[in-house]
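run-v1.txt follows (compact mmCIF, C-alpha atoms and all ligand atoms):
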```
# COMPACT_ATOMS: atom_id res chain seq x y z
CA MET A 132 1.16 -135.45 32.90
CA THR A 133 -0.98 -137.95 31.03
CA VAL A 134 0.18 -140.85 28.91
CA LYS A 135 -2.49 -142.40 26.73
CA ILE A 136 -1.78 -145.74 25.10
CA THR A 137 -4.01 -147.20 22.40
CA THR A 138 -3.12 -150.70 21.31
CA LEU A 139 -3.64 -150.72 17.56
CA MET A 140 -2.74 -154.35 17.01
CA GLU A 141 -2.24 -157.41 19.17
CA ASN A 142 -2.80 -161.16 18.87
CA THR A 143 -6.32 -160.91 20.26
CA SER A 144 -9.09 -158.47 19.62
CA GLY A 145 -10.19 -156.75 22.82
CA ALA A 146 -13.00 -154.68 21.30
CA PRO A 147 -15.86 -155.12 18.81
CA PHE A 148 -14.99 -154.61 15.11
CA ILE A 149 -11.26 -154.56 15.88
CA CYS A 150 -9.03 -157.14 14.23
CA GLY A 151 -6.56 -159.22 16.23
CA GLU A 152 -3.42 -160.44 14.51
CA TRP A 153 -0.22 -162.03 15.86
CA GLY A 154 2.02 -159.07 16.65
CA LEU A 155 1.95 -155.77 18.50
CA SER A 156 1.56 -152.05 17.93
CA MET A 157 0.89 -149.32 20.47
CA LEU A 158 0.14 -145.65 19.81
CA VAL A 159 1.40 -143.44 22.61
CA GLU A 160 0.01 -139.93 23.11
CA THR A 161 1.86 -137.69 25.56
CA ASP A 162 1.77 -134.00 26.45
CA GLU A 163 4.74 -133.46 24.16
CA ASN A 164 4.23 -135.70 21.13
CA THR A 165 2.52 -138.77 19.72
CA PHE A 166 4.59 -141.77 18.67
CA LEU A 167 4.04 -145.28 17.45
CA PHE A 168 5.79 -148.23 19.07
CA ASP A 169 5.83 -151.11 16.56
CA THR A 170 3.42 -151.56 13.70
CA GLY A 171 1.95 -155.06 13.99
CA PRO A 172 2.44 -157.54 11.12
CA SER A 173 0.38 -156.02 8.31
CA GLU A 174 -1.65 -153.21 6.78
CA ARG A 175 -4.60 -154.17 9.00
CA ILE A 176 -3.21 -151.69 11.54
CA ILE A 177 -4.66 -148.90 9.36
CA GLU A 178 -8.23 -150.17 9.57
CA ASN A 179 -7.94 -150.76 13.31
CA ALA A 180 -6.66 -147.19 13.78
CA GLN A 181 -9.61 -145.83 11.78
CA ARG A 182 -12.11 -147.90 13.73
CA LEU A 183 -10.56 -146.74 17.01
CA GLY A 184 -10.81 -143.13 15.89
CA VAL A 185 -7.04 -142.71 15.96
CA ASP A 186 -5.52 -140.13 13.63
CA LEU A 187 -2.23 -141.65 12.44
CA SER A 188 -1.19 -138.36 10.83
CA LYS A 189 -0.44 -137.07 14.36
CA ILE A 190 2.48 -139.51 14.71
CA ASP A 191 5.72 -137.66 15.21
CA LYS A 192 8.12 -140.64 15.42
CA ILE A 193 8.06 -144.40 15.13
CA ALA A 194 10.12 -146.72 17.35
CA LEU A 195 10.59 -150.37 16.39
CA SER A 196 11.29 -152.89 19.15
CA HIS A 197 13.16 -155.35 16.90
CA GLY A 198 13.27 -156.67 13.35
CA HIS A 199 10.66 -159.45 13.54
CA TYR A 200 7.83 -159.18 11.01
CA ASP A 201 5.09 -159.19 13.64
CA HIS A 202 6.35 -155.80 14.92
CA THR A 203 7.46 -154.27 11.61
CA GLY A 204 5.18 -155.69 8.88
CA GLY A 205 2.70 -152.80 9.11
CA LEU A 206 5.40 -150.18 8.60
CA GLN A 207 4.95 -149.83 4.84
CA ALA A 208 1.20 -149.23 5.24
CA VAL A 209 1.78 -146.66 7.99
CA LEU A 210 4.27 -144.79 5.78
CA ILE A 211 1.87 -144.82 2.82
CA ASN A 212 -0.91 -143.58 5.11
CA LEU A 213 1.32 -140.72 6.31
CA LEU A 214 2.29 -139.85 2.74
CA GLU A 215 -1.33 -139.77 1.63
CA SER A 216 -2.32 -137.56 4.56
CA GLY A 217 0.44 -135.09 3.65
CA ALA A 218 1.25 -134.81 7.36
CA LYS A 219 4.96 -135.55 7.03
CA PRO A 220 6.27 -133.97 3.83
CA ASP A 221 9.87 -134.38 5.04
CA GLY A 222 9.43 -138.00 6.10
CA ILE A 223 9.32 -139.50 9.57
CA GLU A 224 12.05 -140.54 12.01
CA ILE A 225 12.16 -144.27 12.71
CA ILE A 226 14.15 -145.25 15.76
CA ALA A 227 15.53 -148.78 16.01
CA HIS A 228 18.66 -150.86 16.47
CA PRO A 229 20.96 -151.33 13.43
CA ASP A 230 20.32 -155.11 13.47
CA ILE A 231 16.64 -154.79 12.52
CA PHE A 232 17.56 -155.47 8.90
CA GLN A 233 19.54 -158.64 9.76
CA PRO A 234 18.06 -161.86 8.33
CA LYS A 235 15.85 -163.47 10.95
CA PHE A 236 14.47 -167.00 11.07
CA VAL A 237 12.67 -169.39 13.35
CA HIS A 238 13.27 -173.14 13.31
CA ILE A 239 10.08 -175.04 13.96
CA LYS A 240 10.26 -178.66 15.08
CA ASP A 241 13.82 -179.12 13.72
CA ALA A 242 12.51 -179.27 10.18
CA VAL A 243 10.78 -176.09 9.06
CA THR A 244 12.59 -172.78 8.92
CA ARG A 245 10.56 -169.63 8.42
CA ASP A 246 11.74 -166.18 7.51
CA ILE A 247 10.46 -163.88 10.27
CA GLY A 248 12.50 -160.79 9.43
CA ILE A 249 11.29 -157.33 8.45
CA PRO A 250 9.50 -157.93 5.13
CA PHE A 251 10.82 -154.80 3.38
CA ALA A 252 14.13 -153.53 2.07
CA ARG A 253 15.45 -150.42 3.79
CA GLU A 254 15.49 -148.56 0.45
CA GLU A 255 11.80 -149.16 -0.29
CA LEU A 256 10.86 -147.80 3.15
CA GLU A 257 13.12 -144.78 2.67
CA ALA A 258 11.41 -144.10 -0.66
CA LEU A 259 8.16 -143.83 1.33
CA GLY A 260 9.61 -141.27 3.75
CA ALA A 261 11.30 -143.41 6.41
CA ARG A 262 14.28 -141.62 7.97
CA PHE A 263 16.05 -144.32 9.95
CA ASN A 264 17.81 -143.37 13.15
CA LEU A 265 19.50 -146.70 13.92
CA SER A 266 21.50 -146.91 17.11
CA PRO A 267 22.54 -149.54 19.67
CA ASP A 268 22.32 -146.76 22.28
CA PRO A 269 19.27 -145.09 23.85
CA VAL A 270 17.53 -142.57 21.58
CA GLN A 271 15.31 -139.78 22.85
CA ILE A 272 11.68 -139.83 21.66
CA ASN A 273 10.67 -136.73 23.66
CA SER A 274 12.07 -134.96 26.71
CA PHE A 275 10.83 -137.70 29.08
CA THR A 276 10.83 -140.74 26.79
CA THR A 277 13.73 -142.78 25.46
CA THR A 278 14.46 -146.16 23.98
CA THR A 279 16.57 -148.53 26.05
CA GLY A 280 19.12 -149.26 23.36
CA GLU A 281 20.68 -152.72 23.66
CA ILE A 282 19.52 -154.52 26.78
CA ALA A 283 22.08 -156.15 29.04
CA THR A 284 21.32 -159.76 30.04
CA THR A 285 21.75 -159.91 33.80
CA THR A 286 19.41 -162.62 35.09
CA GLU A 287 20.29 -166.31 34.90
CA TYR A 288 16.80 -167.55 34.12
CA GLU A 289 16.04 -165.39 31.09
CA GLN A 290 17.47 -167.02 27.98
CA ILE A 291 16.77 -166.08 24.38
CA GLU A 292 14.65 -168.71 22.67
CA ALA A 293 16.87 -171.35 21.03
CA THR A 294 14.63 -171.57 17.93
CA LEU A 295 15.47 -167.99 16.84
CA HIS A 296 18.25 -167.67 14.31
CA THR A 297 20.01 -165.25 12.02
CA LYS A 298 22.30 -166.10 9.11
CA LYS A 299 26.04 -165.67 8.73
CA GLY A 300 26.90 -166.51 5.13
CA ASP A 301 25.01 -169.74 4.44
CA GLN A 302 24.92 -170.79 8.08
CA TYR A 303 22.05 -170.39 10.48
CA VAL A 304 23.40 -169.14 13.81
CA PRO A 305 21.55 -168.33 17.06
CA ASP A 306 20.12 -164.81 17.05
CA GLU A 307 21.26 -162.86 20.08
CA LEU A 308 18.45 -160.36 19.39
CA ALA A 309 20.73 -157.42 20.13
CA ASP A 310 18.07 -155.33 18.37
CA ASP A 311 15.47 -156.02 21.08
CA LEU A 312 14.69 -152.67 22.68
CA SER A 313 11.95 -151.20 24.83
CA VAL A 314 10.61 -147.70 25.51
CA ILE A 315 10.94 -145.93 28.86
CA ILE A 316 8.62 -143.06 29.80
CA LYS A 317 9.53 -141.08 32.92
CA THR A 318 6.49 -139.87 34.87
CA GLU A 319 5.90 -138.51 38.35
CA LYS A 320 4.43 -141.91 39.31
CA GLY A 321 7.57 -143.75 38.19
CA LEU A 322 8.70 -145.35 34.96
CA ILE A 323 6.33 -146.69 32.33
CA VAL A 324 8.09 -149.40 30.32
CA LEU A 325 6.67 -150.50 26.98
CA LEU A 326 7.85 -153.89 25.75
CA GLY A 327 7.81 -155.21 22.19
CA CYS A 328 8.61 -158.89 22.58
CA ALA A 329 11.11 -158.61 25.47
CA HIS A 330 13.25 -161.27 23.80
CA ARG A 331 16.09 -160.28 26.11
CA GLY A 332 13.85 -160.91 29.11
CA ILE A 333 11.30 -158.72 30.92
CA ILE A 334 13.33 -158.60 34.13
CA ASN A 335 16.56 -157.87 32.25
CA THR A 336 14.67 -155.06 30.50
CA LEU A 337 13.28 -153.59 33.73
CA ASN A 338 16.67 -153.82 35.46
CA HIS A 339 18.17 -152.08 32.45
CA ALA A 340 15.51 -149.34 32.56
CA ARG A 341 16.24 -148.70 36.23
CA GLN A 342 19.94 -148.53 35.66
CA GLN A 343 19.66 -146.34 32.57
CA THR A 344 17.39 -143.76 34.22
CA GLY A 345 18.63 -144.00 37.81
CA ILE A 346 14.95 -144.32 38.78
CA GLU A 347 13.99 -147.36 40.90
CA LYS A 348 10.23 -147.02 40.80
CA ILE A 349 8.56 -148.81 37.92
CA TYR A 350 4.92 -147.78 37.78
CA ALA A 351 3.67 -149.72 34.77
CA VAL A 352 4.84 -152.36 32.30
CA ILE A 353 2.87 -152.94 29.12
CA GLY A 354 3.53 -155.21 26.15
CA GLY A 355 4.98 -158.57 25.16
CA THR A 356 6.79 -160.37 27.96
CA HIS A 357 7.91 -163.43 26.01
CA LEU A 358 6.85 -165.88 28.66
CA ILE A 359 5.15 -168.03 26.05
CA GLY A 360 6.68 -171.47 26.30
CA ALA A 361 8.72 -170.48 29.38
CA SER A 362 9.21 -173.06 32.13
CA ARG A 363 7.06 -172.76 35.22
CA GLN A 364 10.27 -172.10 37.11
CA ARG A 365 11.06 -169.08 34.93
CA ILE A 366 7.50 -167.75 35.17
CA ASP A 367 7.60 -168.05 38.97
CA ALA A 368 11.00 -166.32 39.12
CA THR A 369 9.63 -163.55 36.88
CA ILE A 370 6.54 -163.05 39.04
CA ALA A 371 8.70 -162.96 42.19
CA ALA A 372 10.98 -160.31 40.64
CA LEU A 373 7.99 -158.23 39.45
CA LYS A 374 6.45 -158.41 42.94
CA GLU A 375 9.68 -157.21 44.48
CA MET A 376 9.62 -154.22 42.12
CA LYS A 377 6.09 -153.34 43.37
CA ILE A 378 4.84 -152.59 39.88
CA GLU A 379 1.37 -151.04 39.97
CA LYS A 380 0.10 -151.92 36.47
CA ILE A 381 0.96 -154.88 34.26
CA GLY A 382 -0.62 -155.00 30.81
CA ALA A 383 0.23 -158.34 29.22
CA SER A 384 0.24 -158.70 25.45
CA HIS A 385 1.29 -160.83 22.55
CA CYS A 386 4.13 -163.28 23.32
CA THR A 387 3.19 -163.46 27.00
CA GLY A 388 1.08 -166.49 26.12
CA LEU A 389 -2.30 -167.20 27.64
CA ALA A 390 -1.06 -169.58 30.35
CA ALA A 391 1.57 -167.12 31.62
CA ALA A 392 -0.96 -164.27 31.39
CA ALA A 393 -3.34 -166.27 33.59
CA LEU A 394 -0.59 -166.77 36.17
CA LEU A 395 0.24 -163.04 36.08
CA ALA A 396 -3.45 -162.16 36.45
CA ASN A 397 -3.70 -164.43 39.46
CA ALA A 398 -0.54 -163.01 41.04
CA PHE A 399 -1.24 -159.31 40.41
CA LYS A 400 -5.05 -159.20 40.72
CA ASP A 401 -6.29 -155.65 40.00
CA ALA A 402 -2.86 -154.49 38.88
CA PHE A 403 -3.10 -156.84 35.89
CA PHE A 404 -4.89 -156.25 32.60
CA PHE A 405 -4.94 -157.81 29.17
CA ASN A 406 -3.53 -155.35 26.68
CA ASN A 407 -5.23 -156.43 23.46
CA ALA A 408 -6.06 -154.79 20.14
CA GLY A 409 -8.40 -151.93 21.00
CA THR A 410 -7.31 -151.54 24.63
CA ARG A 411 -7.02 -147.90 25.69
CA THR A 412 -5.00 -147.14 28.80
CA VAL A 413 -4.59 -143.76 30.43
CA LEU A 414 -1.70 -143.55 32.90
FE FE B 501 9.95 -161.15 18.19
FE FE B 502 6.65 -160.69 18.61
```
Let me see whether you can do it: turn the structure in this file into structure tokens.
Amino acid sequence: MTVKITTLMENTSGAPFICGEWGLSMLVETDENTFLFDTGPSERIIENAQRLGVDLSKIDKIALSHGHYDHTGGLQAVLINLLESGAKPDGIEIIAHPDIFQPKFVHIKDAVTRDIGIPFAREELEALGARFNLSPDPVQINSFTTTTGEIATTTEYEQIEATLHTKKGDQYVPDELADDLSVIIKTEKGLIVLLGCAHRGIINTLNHARQQTGIEKIYAVIGGTHLIGASRQRIDATIAALKEMKIEKIGASHCTGLAAAALLANAFKDAFFFNNAGTRTVL
């Protein structure tokens, strides 16, 4: 069994002529189907896909890790691209948590508040062929791949960033990011876990994946680990937990942050790689 991952968008360009943009999108090709995990922040995903020689019309399903714009902002362009290709006359299934359409904000330096939610109304996406399958529970993507559903918070050191908010009425309230989900692929080498932002914590996510599947062995983890801005104590605790899990491949992206990525690279040596826009990984 082969799993081929092409990173269509990420903060940093990892290949010539490929655009880097804050966000994440990974195309996953398996023996059974091809699916897209997140869409990056904008329509630039389309040009990157073309330049990488990726045929987006092969996508069978789309999974969204959470409602932030940097993972969902390219969705409209992907839907238009699919419509124009005629590949999905009946629309395409989009798997996500029901809270992706909640209002989402970030407070910056106690003064500025930015809207960081999904930049489209559900209805306008549905008019372009989106068929939302919204569930807090795991959803099957193919016979060996599933979303995590809502991730339980079990570690003490992984807290959701205090700057992230949603709105209840007129009030800003902390966003619990219940919509944060990851993708689990079962292979003969162990689990491959794909992270969007891992707002609920990378270790919480991996513990959850183990519990959900009953499989201890985690072979590879790829995506955003949300260690950006984390304390050195939390990064060290994360590295210790990852070492204990004996993970064989760690592809850091996006909200990992460069400093944390450097620490991971140092700790995991050849098992580590930067998963940037244009990175192709065959597992
Ligand atoms: Fe996010
Ligand atoms: Fe993000």
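A straight line drawn from CA of Arg253 in chain A to CA of Ile136 in chain A is 27.8 Å long.
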In terms of the shortest atom-to-atom distance over only C-alpha atoms and all ligand atoms, which of A:Phe232, A:Phe263, A:Trp153, A:Phe148 is closest to ligand FE 502 (chain B)?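 Distance minimum relative to ligand FE 502 (chain B) lands on A:Trp153.
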Between A:Cys150, A:Ile316, A:Ile249, A:Ile370, which is the closest to ligand FE 501 (chain B) once you count all atoms listed in the file? A:Ile249
Considering all atoms listed in the file, give me a table of residues in chain A that are at most 9 Å from ligand FE 501 (chain B), with the closest atom pair and distance in Å for each, as a tab-separated table.
```
residue	atom	partner	partner_atom	distance
A:Gly154	CA	B:FE501	FE	8.3
A:Ser196	CA	B:FE501	FE	8.4
A:His197	CA	B:FE501	FE	6.8
A:Gly198	CA	B:FE501	FE	7.4
A:His199	CA	B:FE501	FE	5.0
A:Tyr200	CA	B:FE501	FE	7.7
A:Asp201	CA	B:FE501	FE	6.9
A:His202	CA	B:FE501	FE	7.2
A:Ile247	CA	B:FE501	FE	8.4
A:Leu295	CA	B:FE501	FE	8.9
A:Leu308	CA	B:FE501	FE	8.6
A:Asp311	CA	B:FE501	FE	8.1
A:Gly327	CA	B:FE501	FE	7.5
A:Cys328	CA	B:FE501	FE	5.1
A:Ala329	CA	B:FE501	FE	7.8
A:His330	CA	B:FE501	FE	6.5
A:Gly355	CA	B:FE501	FE	8.9
A:His357	CA	B:FE501	FE	8.4
A:Cys386	CA	B:FE501	FE	8.0
```
Report as JSON lines: every residue of range 253-282 of chain A with an atom at most 10 Å from range 160-165 of chain A, its closest pair of atoms, and their distance in Å to one decimal, counting all atoms listed in the file, with rows sorted by chain and ascending residue number.
```
{"residue": "A:Ile272", "atom": "CA", "partner": "A:Asn164", "partner_atom": "CA", "distance": 8.5}
{"residue": "A:Asn273", "atom": "CA", "partner": "A:Glu163", "partner_atom": "CA", "distance": 6.8}
{"residue": "A:Ser274", "atom": "CA", "partner": "A:Glu163", "partner_atom": "CA", "distance": 7.9}
{"residue": "A:Phe275", "atom": "CA", "partner": "A:Glu163", "partner_atom": "CA", "distance": 8.9}
{"residue": "A:Thr276", "atom": "CA", "partner": "A:Thr161", "partner_atom": "CA", "distance": 9.6}
```
Surrounding residues of Phe251 in chain A excluding itself and chain neighbours under 4 positions, 12 Å, all atoms listed in the file, as number ranges by chain: A: 172-173, 198-200, 203-208, 231-234, 247, 255-259, 261
Serialized selection, C-alpha atoms, as a PDB file, in the coordinates of the input:
```
ATOM      1  CA  PRO A 172       2.440-157.540  11.120  1.00  0.00           C
ATOM      2  CA  SER A 173       0.380-156.020   8.310  1.00  0.00           C
ATOM      3  CA  GLY A 198      13.270-156.670  13.350  1.00  0.00           C
ATOM      4  CA  HIS A 199      10.660-159.450  13.540  1.00  0.00           C
ATOM      5  CA  TYR A 200       7.830-159.180  11.010  1.00  0.00           C
ATOM      6  CA  THR A 203       7.460-154.270  11.610  1.00  0.00           C
ATOM      7  CA  GLY A 204       5.180-155.690   8.880  1.00  0.00           C
ATOM      8  CA  GLY A 205       2.700-152.800   9.110  1.00  0.00           C
ATOM      9  CA  LEU A 206       5.400-150.180   8.600  1.00  0.00           C
ATOM     10  CA  GLN A 207       4.950-149.830   4.840  1.00  0.00           C
ATOM     11  CA  ALA A 208       1.200-149.230   5.240  1.00  0.00           C
ATOM     12  CA  ILE A 231      16.640-154.790  12.520  1.00  0.00           C
ATOM     13  CA  PHE A 232      17.560-155.470   8.900  1.00  0.00           C
ATOM     14  CA  GLN A 233      19.540-158.640   9.760  1.00  0.00           C
ATOM     15  CA  PRO A 234      18.060-161.860   8.330  1.00  0.00           C
ATOM     16  CA  ILE A 247      10.460-163.880  10.270  1.00  0.00           C
ATOM     17  CA  GLU A 255      11.800-149.160  -0.290  1.00  0.00           C
ATOM     18  CA  LEU A 256      10.860-147.800   3.150  1.00  0.00           C
ATOM     19  CA  GLU A 257      13.120-144.780   2.670  1.00  0.00           C
ATOM     20  CA  ALA A 258      11.410-144.100  -0.660  1.00  0.00           C
ATOM     21  CA  LEU A 259       8.160-143.830   1.330  1.00  0.00           C
ATOM     22  CA  ALA A 261      11.300-143.410   6.410  1.00  0.00           C
TER      23      ALA A 261
END
```
Let me have the centre and edge lengths of the axis-aligned box enclosing all listed atoms of range 352-355 of chain A with 8 Å padding on every side, in Å to one decimal, as lines of an AutoDock Vina configuration file.
```
center_x = 3.9
center_y = -155.5
center_z = 28.7
size_x = 18.1
size_y = 22.2
size_z = 23.1
```
In Å, how far is it from CA of Thr138 in chain A to CA of Ala351 in chain A?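 Atom-to-atom, CA of Thr138 in chain A to CA of Ala351 in chain A, that is 15.1 Å.
We find CA of Gly145 in chain A and CA of Phe405 in chain A to be spaced 8.3 Å apart.
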Env of Arg182 in chain A: 12 Å cut, atoms = only C-alpha atoms, seq-sep filter 6 positions within chain, self excluded. Answer as a list in words.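 Surrounding residues, per the criterion: Thr137, Leu139, Met140, Ala146, Pro147, Phe148, Ile149, Cys150, Arg175, Ile176, Ala408 and Gly409 of chain A.
Taking all atoms listed in the file, the non-local environment of Ala398 in chain A within 9 Å (same-chain residues fewer than 4 positions away omitted) comprises Ile370, Lys374, Ala393, Leu394 and Phe403 of chain A.
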